[in-house]
Amino acid sequence: MAATKFLETEQGRSIAYHFHSGRGPTVVFLGGLKSDMEGTKAVHLEAWAQAAGLAFLRFDYSGHGESSGSFEQGCIGDWHEDTLAAVSALTTGPLLIVGSSMGGWQALLLAKAMPERIQGMVTIAAAPDFTEDGYWASFSEAQKAELEAQGYVELPSDYMEPYRISKTMIEDGRKRLVLRRPLDLPFPVRCLQGTADTAVSTETALRLMEHARCQDMRLNLVKDADHRFSDEACLRLIEAAITELL
């Protein structure tokens with residue numbers, strides 16, 4: 001595997017990435033919250049894209065993986081800036097965006113920022129607006145008071161150590177909401193969602209489908225698939241969705 005490279009951004013962050021050239025559109029993988037570019041889906045799709053001769057980019061948001069910064073100080077807007085910086089500096093021409101979980105929200109923010117470059121989008125358990133509809137909506141009054149008093153609350157995770165959710169993440173997330181404002185997706189979109197996902201509900205996937213303005217958008221519900229969506233069958237479904245949009 002090639003050595004990790006680093007991109008220095010205008011915001012002073014050092015973004016770790018792997019990129020290999022090939023024919024377009026460039027497949028860009030956007031990972032989830034507290035995930036990194038060494039995850040199963042990212043690494044598998046890179047190998048698959050390389051075998052197919054496709055250009056491919058995966059990277060770590062600031063505060064994730066090998067990139068600079070701390071997770072606790074980051075927010076949706078910071079990671080959107082990282083995404084814009086990586087895509088703008090490291091790719092040219094059309095893009096095929098693959099967004100997983102929080103990366104699905106980042107994919108939609110990218111679509112608002114540069115719709116003219118996106119040829120297609122695949123989302124995997126997309127989690128748009130989760131800071132508001134998931135975290136804030138579920139906080140008890142005690143947790144809201146704790147957030148105000150100490151600047152963060154800790155939440156358990158089914159997949160790793162507890163998340164420390166900051167007041168900054170909640171407040172910044174409100175500036176980035178995509179399901180309260182018009183959402184134009186002028187390219188084909190394929191949404192993948194497991195019915196056994198305990199982190200992102202099928203209702204979220206349906207809400208995104210109903211809200212977005214898109215002429216070619218389809219949702220594939222996969223019975224018993226969980227939030228990881230990374231077993232052999234699920235990886236083949238991701239490959240198939242990308243292939244269809246190529």
# chains A, B, ... in the order shown; residues from 1 in each chain; ligands from 1

call {"tool": "closest_atom_pairs", "arguments": {"of": "range 30-131 of chain A", "to": "range 183-194 of chain A", "cutoff": "12 Å", "atoms": "only C-alpha atoms", "output": "JSON lines"}}
result
{"residue": "A:Pro94", "atom": "CA", "partner": "A:Phe187", "partner_atom": "CA", "distance": 11.4}
{"residue": "A:Leu95", "atom": "CA", "partner": "A:Phe187", "partner_atom": "CA", "distance": 10.9}
{"residue": "A:Leu96", "atom": "CA", "partner": "A:Val189", "partner_atom": "CA", "distance": 9.9}
{"residue": "A:Ile97", "atom": "CA", "partner": "A:Val189", "partner_atom": "CA", "distance": 9.5}
{"residue": "A:Val98", "atom": "CA", "partner": "A:Arg190", "partner_atom": "CA", "distance": 9.5}
{"residue": "A:Gly99", "atom": "CA", "partner": "A:Cys191", "partner_atom": "CA", "distance": 9.6}
{"residue": "A:Ser100", "atom": "CA", "partner": "A:Leu192", "partner_atom": "CA", "distance": 9.4}
{"residue": "A:Ser101", "atom": "CA", "partner": "A:Gln193", "partner_atom": "CA", "distance": 9.8}
{"residue": "A:Gly104", "atom": "CA", "partner": "A:Cys191", "partner_atom": "CA", "distance": 9.4}
{"residue": "A:Trp105", "atom": "CA", "partner": "A:Leu183", "partner_atom": "CA", "distance": 11.7}
{"residue": "A:Ala107", "atom": "CA", "partner": "A:Leu185", "partner_atom": "CA", "distance": 10.6}
{"residue": "A:Leu108", "atom": "CA", "partner": "A:Leu183", "partner_atom": "CA", "distance": 8.2}
{"residue": "A:Leu109", "atom": "CA", "partner": "A:Leu183", "partner_atom": "CA", "distance": 9.4}
{"residue": "A:Leu110", "atom": "CA", "partner": "A:Leu185", "partner_atom": "CA", "distance": 10.5}
{"residue": "A:Ala111", "atom": "CA", "partner": "A:Leu185", "partner_atom": "CA", "distance": 6.9}
{"residue": "A:Lys112", "atom": "CA", "partner": "A:Asp184", "partner_atom": "CA", "distance": 7.6}
{"residue": "A:Ala113", "atom": "CA", "partner": "A:Asp184", "partner_atom": "CA", "distance": 11.1}
{"residue": "A:Met114", "atom": "CA", "partner": "A:Leu185", "partner_atom": "CA", "distance": 10.7}
{"residue": "A:Pro115", "atom": "CA", "partner": "A:Pro186", "partner_atom": "CA", "distance": 7.1}
{"residue": "A:Glu116", "atom": "CA", "partner": "A:Pro186", "partner_atom": "CA", "distance": 8.5}
{"residue": "A:Arg117", "atom": "CA", "partner": "A:Phe187", "partner_atom": "CA", "distance": 9.9}
{"residue": "A:Ile118", "atom": "CA", "partner": "A:Phe187", "partner_atom": "CA", "distance": 7.1}
{"residue": "A:Gln119", "atom": "CA", "partner": "A:Phe187", "partner_atom": "CA", "distance": 5.9}
{"residue": "A:Gly120", "atom": "CA", "partner": "A:Pro188", "partner_atom": "CA", "distance": 5.1}
{"residue": "A:Met121", "atom": "CA", "partner": "A:Val189", "partner_atom": "CA", "distance": 4.8}
{"residue": "A:Val122", "atom": "CA", "partner": "A:Arg190", "partner_atom": "CA", "distance": 4.8}
{"residue": "A:Thr123", "atom": "CA", "partner": "A:Cys191", "partner_atom": "CA", "distance": 4.7}
{"residue": "A:Ile124", "atom": "CA", "partner": "A:Leu192", "partner_atom": "CA", "distance": 4.8}
{"residue": "A:Ala125", "atom": "CA", "partner": "A:Gln193", "partner_atom": "CA", "distance": 4.9}
{"residue": "A:Ala126", "atom": "CA", "partner": "A:Cys191", "partner_atom": "CA", "distance": 7.7}
{"residue": "A:Ala127", "atom": "CA", "partner": "A:Gln193", "partner_atom": "CA", "distance": 10.5}
{"residue": "A:Pro128", "atom": "CA", "partner": "A:Leu183", "partner_atom": "CA", "distance": 11.5}

call {"tool": "write_last_selection", "arguments": {"atoms": "N, CA, C and O atoms", "output": "compact mmCIF listing (two decimals), in the first residue's frame"}}
result
# COMPACT_ATOMS: atom_id res chain seq x y z
N PRO A 94 -15.03 15.32 -13.24
CA PRO A 94 -16.23 14.83 -12.57
C PRO A 94 -15.91 13.92 -11.38
O PRO A 94 -14.88 13.25 -11.34
N LEU A 95 -16.87 13.89 -10.44
CA LEU A 95 -16.70 13.13 -9.21
C LEU A 95 -17.86 12.16 -9.03
O LEU A 95 -19.00 12.46 -9.40
N LEU A 96 -17.57 11.03 -8.41
CA LEU A 96 -18.61 10.12 -7.96
C LEU A 96 -18.40 9.97 -6.45
O LEU A 96 -17.41 9.41 -6.00
N ILE A 97 -19.31 10.54 -5.68
CA ILE A 97 -19.15 10.63 -4.24
C ILE A 97 -19.80 9.44 -3.55
O ILE A 97 -20.96 9.10 -3.82
N VAL A 98 -19.06 8.82 -2.64
CA VAL A 98 -19.59 7.73 -1.82
C VAL A 98 -19.51 8.18 -0.37
O VAL A 98 -18.42 8.34 0.19
N GLY A 99 -20.66 8.43 0.26
CA GLY A 99 -20.69 8.96 1.62
C GLY A 99 -21.30 7.98 2.59
O GLY A 99 -22.43 7.53 2.39
N SER A 100 -20.57 7.64 3.65
CA SER A 100 -21.03 6.67 4.64
C SER A 100 -21.38 7.37 5.95
O SER A 100 -20.55 8.09 6.52
N SER A 101 -22.60 7.18 6.44
CA SER A 101 -23.06 7.73 7.71
C SER A 101 -22.89 9.25 7.74
O SER A 101 -23.49 9.96 6.92
N GLY A 104 -22.36 10.75 4.53
CA GLY A 104 -23.52 11.03 3.69
C GLY A 104 -23.96 12.48 3.84
O GLY A 104 -24.33 13.12 2.85
N TRP A 105 -23.92 13.00 5.06
CA TRP A 105 -24.21 14.43 5.28
C TRP A 105 -23.15 15.27 4.58
O TRP A 105 -23.47 16.25 3.89
N ALA A 107 -21.45 14.45 2.00
CA ALA A 107 -21.69 14.35 0.56
C ALA A 107 -22.76 15.35 0.12
O ALA A 107 -22.64 16.00 -0.93
N LEU A 108 -23.82 15.49 0.91
CA LEU A 108 -24.90 16.42 0.57
C LEU A 108 -24.43 17.87 0.68
O LEU A 108 -24.82 18.71 -0.14
N LEU A 109 -23.58 18.17 1.65
CA LEU A 109 -23.01 19.52 1.75
C LEU A 109 -22.10 19.80 0.56
O LEU A 109 -22.10 20.91 0.03
N LEU A 110 -21.36 18.79 0.13
CA LEU A 110 -20.51 18.95 -1.04
C LEU A 110 -21.36 19.19 -2.29
O LEU A 110 -20.98 20.00 -3.15
N ALA A 111 -22.49 18.52 -2.36
CA ALA A 111 -23.40 18.71 -3.51
C ALA A 111 -23.92 20.14 -3.57
O ALA A 111 -24.14 20.68 -4.65
N LYS A 112 -24.13 20.75 -2.42
CA LYS A 112 -24.58 22.13 -2.39
C LYS A 112 -23.44 23.08 -2.79
O LYS A 112 -23.69 24.14 -3.37
N ALA A 113 -22.21 22.69 -2.47
CA ALA A 113 -21.06 23.56 -2.75
C ALA A 113 -20.57 23.47 -4.18
O ALA A 113 -20.13 24.48 -4.75
N MET A 114 -20.60 22.27 -4.77
CA MET A 114 -20.08 22.11 -6.13
C MET A 114 -20.89 21.08 -6.93
O MET A 114 -20.37 20.06 -7.37
N PRO A 115 -22.18 21.35 -7.13
CA PRO A 115 -23.03 20.39 -7.84
C PRO A 115 -22.58 20.13 -9.27
O PRO A 115 -22.81 19.05 -9.81
N GLU A 116 -21.91 21.12 -9.87
CA GLU A 116 -21.51 20.99 -11.27
C GLU A 116 -20.45 19.92 -11.49
O GLU A 116 -20.27 19.41 -12.60
N ARG A 117 -19.75 19.53 -10.43
CA ARG A 117 -18.68 18.54 -10.58
C ARG A 117 -19.13 17.11 -10.28
O ARG A 117 -18.41 16.15 -10.58
N ILE A 118 -20.30 16.97 -9.66
CA ILE A 118 -20.71 15.64 -9.20
C ILE A 118 -21.51 14.93 -10.29
O ILE A 118 -22.54 15.42 -10.75
N GLN A 119 -21.02 13.76 -10.69
CA GLN A 119 -21.69 12.95 -11.71
C GLN A 119 -22.72 12.01 -11.08
O GLN A 119 -23.73 11.66 -11.70
N GLY A 120 -22.47 11.60 -9.85
CA GLY A 120 -23.38 10.70 -9.16
C GLY A 120 -22.99 10.57 -7.71
O GLY A 120 -21.90 10.97 -7.30
N MET A 121 -23.90 10.03 -6.90
CA MET A 121 -23.66 9.90 -5.47
C MET A 121 -24.25 8.59 -4.95
O MET A 121 -25.36 8.21 -5.31
N VAL A 122 -23.47 7.93 -4.10
CA VAL A 122 -23.93 6.74 -3.39
C VAL A 122 -23.84 7.04 -1.90
O VAL A 122 -22.79 7.45 -1.41
N THR A 123 -24.94 6.88 -1.18
CA THR A 123 -24.91 7.06 0.27
C THR A 123 -25.11 5.71 0.94
O THR A 123 -25.85 4.86 0.45
N ILE A 124 -24.43 5.53 2.07
CA ILE A 124 -24.52 4.30 2.85
C ILE A 124 -24.93 4.70 4.26
O ILE A 124 -24.15 5.33 4.97
N ALA A 125 -26.16 4.38 4.64
CA ALA A 125 -26.67 4.78 5.96
C ALA A 125 -26.43 6.26 6.21
O ALA A 125 -25.90 6.66 7.25
N ALA A 126 -26.80 7.09 5.24
CA ALA A 126 -26.58 8.53 5.34
C ALA A 126 -27.23 9.10 6.59
O ALA A 126 -28.35 8.73 6.95
N ALA A 127 -26.50 10.01 7.26
CA ALA A 127 -26.99 10.57 8.53
C ALA A 127 -27.05 12.09 8.49
O ALA A 127 -26.43 12.76 9.32
N PRO A 128 -27.81 12.67 7.55
CA PRO A 128 -27.91 14.13 7.52
C PRO A 128 -28.59 14.66 8.78
O PRO A 128 -29.51 14.04 9.32

call {"tool": "closest_atom_pairs", "arguments": {"of": "range 61-180 of chain A", "to": "range 33-48 of chain A", "cutoff": "6 Å", "atoms": "only C-alpha atoms", "output": "Markdown table"}}
result
| residue | atom | partner | partner_atom | distance |
| --- | --- | --- | --- | --- |
| A:His64 | CA | A:Asp36 | CA | 6.0 |
| A:Gly65 | CA | A:Asp36 | CA | 5.0 |
| A:Met102 | CA | A:Leu33 | CA | 5.5 |

call {"tool": "closest_atom_pairs", "arguments": {"of": "range 156-203 of chain A", "to": "range 223-236 of chain A", "cutoff": "10 Å", "atoms": "only C-alpha atoms", "output": "Markdown table"}}
result
| residue | atom | partner | partner_atom | distance |
| --- | --- | --- | --- | --- |
| A:Asp158 | CA | A:His227 | CA | 9.8 |
| A:Tyr159 | CA | A:Arg228 | CA | 8.9 |
| A:Leu192 | CA | A:Phe229 | CA | 8.8 |
| A:Gln193 | CA | A:Ala225 | CA | 7.7 |
| A:Gly194 | CA | A:Ala225 | CA | 4.2 |
| A:Thr195 | CA | A:Lys223 | CA | 5.1 |
| A:Ala196 | CA | A:Asp224 | CA | 4.7 |
| A:Asp197 | CA | A:Asp226 | CA | 4.2 |
| A:Thr198 | CA | A:His227 | CA | 6.7 |
| A:Ala199 | CA | A:His227 | CA | 6.4 |
| A:Val200 | CA | A:His227 | CA | 7.2 |
| A:Ser201 | CA | A:His227 | CA | 9.4 |

call {"tool": "write_last_selection", "arguments": {"atoms": "C-alpha atoms", "output": "PDB file, in the first residue's frame"}}
result
ATOM      1  CA  ASP A 158     -22.255   0.424  19.872  1.00  0.00           C
ATOM      2  CA  TYR A 159     -19.061   0.424  17.835  1.00  0.00           C
ATOM      3  CA  LEU A 192     -28.166   2.030   0.695  1.00  0.00           C
ATOM      4  CA  GLN A 193     -29.607   1.349   4.150  1.00  0.00           C
ATOM      5  CA  GLY A 194     -29.639  -1.682   6.458  1.00  0.00           C
ATOM      6  CA  THR A 195     -32.827  -2.493   8.333  1.00  0.00           C
ATOM      7  CA  ALA A 196     -30.843  -3.607  11.427  1.00  0.00           C
ATOM      8  CA  ASP A 197     -28.974  -0.304  11.658  1.00  0.00           C
ATOM      9  CA  THR A 198     -29.192   0.943  15.254  1.00  0.00           C
ATOM     10  CA  ALA A 199     -27.344   4.221  14.533  1.00  0.00           C
ATOM     11  CA  VAL A 200     -29.342   5.501  11.539  1.00  0.00           C
ATOM     12  CA  SER A 201     -32.971   4.545  11.072  1.00  0.00           C
TER      13      SER A 201
END

call {"tool": "atom_distance", "arguments": {"atom1": "CA of Gln73 in chain A", "atom2": "CA of Pro156 in chain A"}}
result
18.4 Å

call {"tool": "select_by_dssp", "arguments": {"residues": "range 2-222 of chain A", "states": "helix (DSSP H, G or I)", "output": "MDAnalysis selection string"}}
result
chainID A and resid 40:51 71:73 76:90 102:113 115:117 130:138 141:150 167:175 202:211

call {"tool": "select_by_dssp", "arguments": {"residues": "chain A", "states": "strand (DSSP E)", "output": "number ranges by chain"}}
result
A: 5-8, 14-20, 23-30, 54-59, 95-100, 118-124, 152-155, 163-166, 189-194, 217-222

call {"tool": "write_last_selection", "arguments": {"atoms": "C-alpha atoms", "output": "PDB file, in the first residue's frame"}}
result
ATOM      1  CA  LYS A   5       0.364  11.763   2.014  1.00  0.00           C
ATOM      2  CA  PHE A   6      -0.686  15.002   3.682  1.00  0.00           C
ATOM      3  CA  LEU A   7      -2.478  18.099   2.417  1.00  0.00           C
ATOM      4  CA  GLU A   8      -2.023  21.398   4.232  1.00  0.00           C
ATOM      5  CA  SER A  14      -2.904  18.651   7.895  1.00  0.00           C
ATOM      6  CA  ILE A  15      -5.204  16.211   6.095  1.00  0.00           C
ATOM      7  CA  ALA A  16      -3.990  12.644   5.599  1.00  0.00           C
ATOM      8  CA  TYR A  17      -5.003  11.059   2.306  1.00  0.00           C
ATOM      9  CA  HIS A  18      -4.480   8.328  -0.259  1.00  0.00           C
ATOM     10  CA  PHE A  19      -5.070   9.096  -3.919  1.00  0.00           C
ATOM     11  CA  HIS A  20      -4.364   7.105  -7.025  1.00  0.00           C
ATOM     12  CA  ARG A  23      -9.953   7.305 -15.468  1.00  0.00           C
ATOM     13  CA  GLY A  24     -12.804   9.466 -14.288  1.00  0.00           C
ATOM     14  CA  PRO A  25     -15.041  10.153 -12.626  1.00  0.00           C
ATOM     15  CA  THR A  26     -12.892  10.161  -9.489  1.00  0.00           C
ATOM     16  CA  VAL A  27     -14.502   8.059  -6.772  1.00  0.00           C
ATOM     17  CA  VAL A  28     -14.294   9.973  -3.469  1.00  0.00           C
ATOM     18  CA  PHE A  29     -15.006   8.114  -0.228  1.00  0.00           C
ATOM     19  CA  LEU A  30     -16.325  10.189   2.680  1.00  0.00           C
ATOM     20  CA  LEU A  54     -10.694   4.330 -11.687  1.00  0.00           C
ATOM     21  CA  ALA A  55      -9.253   7.371  -9.926  1.00  0.00           C
ATOM     22  CA  PHE A  56      -9.915   7.149  -6.187  1.00  0.00           C
ATOM     23  CA  LEU A  57      -9.528   9.397  -3.134  1.00  0.00           C
ATOM     24  CA  ARG A  58      -9.935   8.593   0.563  1.00  0.00           C
ATOM     25  CA  PHE A  59      -8.855  10.861   3.405  1.00  0.00           C
ATOM     26  CA  LEU A  95     -16.704  13.133  -9.209  1.00  0.00           C
ATOM     27  CA  LEU A  96     -18.610  10.119  -7.957  1.00  0.00           C
ATOM     28  CA  ILE A  97     -19.153  10.632  -4.239  1.00  0.00           C
ATOM     29  CA  VAL A  98     -19.586   7.726  -1.816  1.00  0.00           C
ATOM     30  CA  GLY A  99     -20.688   8.960   1.619  1.00  0.00           C
ATOM     31  CA  SER A 100     -21.026   6.674   4.636  1.00  0.00           C
ATOM     32  CA  ILE A 118     -20.711  15.637  -9.204  1.00  0.00           C
ATOM     33  CA  GLN A 119     -21.692  12.947 -11.709  1.00  0.00           C
ATOM     34  CA  GLY A 120     -23.384  10.701  -9.165  1.00  0.00           C
ATOM     35  CA  MET A 121     -23.664   9.903  -5.467  1.00  0.00           C
ATOM     36  CA  VAL A 122     -23.926   6.738  -3.392  1.00  0.00           C
ATOM     37  CA  THR A 123     -24.905   7.056   0.270  1.00  0.00           C
ATOM     38  CA  ILE A 124     -24.524   4.299   2.851  1.00  0.00           C
ATOM     39  CA  TYR A 152     -19.763  18.562  26.152  1.00  0.00           C
ATOM     40  CA  VAL A 153     -21.615  15.366  26.993  1.00  0.00           C
ATOM     41  CA  GLU A 154     -20.442  11.785  26.570  1.00  0.00           C
ATOM     42  CA  LEU A 155     -22.623   9.297  24.725  1.00  0.00           C
ATOM     43  CA  TYR A 163     -18.447   9.865  21.837  1.00  0.00           C
ATOM     44  CA  ARG A 164     -17.731  13.199  23.466  1.00  0.00           C
ATOM     45  CA  ILE A 165     -20.246  15.519  21.820  1.00  0.00           C
ATOM     46  CA  SER A 166     -19.352  19.184  22.167  1.00  0.00           C
ATOM     47  CA  VAL A 189     -28.308   9.123  -6.333  1.00  0.00           C
ATOM     48  CA  ARG A 190     -28.320   5.601  -4.903  1.00  0.00           C
ATOM     49  CA  CYS A 191     -29.035   5.222  -1.183  1.00  0.00           C
ATOM     50  CA  LEU A 192     -28.166   2.030   0.695  1.00  0.00           C
ATOM     51  CA  GLN A 193     -29.607   1.349   4.150  1.00  0.00           C
ATOM     52  CA  GLY A 194     -29.639  -1.682   6.458  1.00  0.00           C
ATOM     53  CA  MET A 217     -32.927   8.706  -6.722  1.00  0.00           C
ATOM     54  CA  ARG A 218     -33.375   5.180  -5.407  1.00  0.00           C
ATOM     55  CA  LEU A 219     -33.264   3.590  -1.966  1.00  0.00           C
ATOM     56  CA  ASN A 220     -32.136  -0.011  -1.435  1.00  0.00           C
ATOM     57  CA  LEU A 221     -33.170  -1.393   1.971  1.00  0.00           C
ATOM     58  CA  VAL A 222     -31.102  -4.418   2.962  1.00  0.00           C
TER      59      VAL A 222
END

call {"tool": "closest_residue", "arguments": {"among": "A:Glu161, A:Asp216, A:Glu239, A:Asp82", "to": "Gln11 in chain A", "atoms": "only C-alpha atoms"}}
result
A:Asp82

call {"tool": "closest_residue", "arguments": {"among": "A:Ile242, A:Asp60, A:Thr131, A:Ala49", "to": "Asp172 in chain A", "atoms": "only C-alpha atoms"}}
result
A:Thr131

call {"tool": "atom_distance", "arguments": {"atom1": "CA of Phe130 in chain A", "atom2": "CA of Thr204 in chain A"}}
result
9.3 Å

call {"tool": "atom_distance", "arguments": {"atom1": "CA of Glu66 in chain A", "atom2": "CA of Val87 in chain A"}}
result
17.6 Å

call {"tool": "closest_residue", "arguments": {"among": "A:Gly32, A:Gly22, A:Gly77, A:Gly53", "to": "Leu177 in chain A", "atoms": "only C-alpha atoms"}}
result
A:Gly77

call {"tool": "closest_residue", "arguments": {"among": "A:Glu244, A:Glu210, A:Glu203, A:Glu10", "to": "Asp133 in chain A", "atoms": "only C-alpha atoms"}}
result
A:Glu203
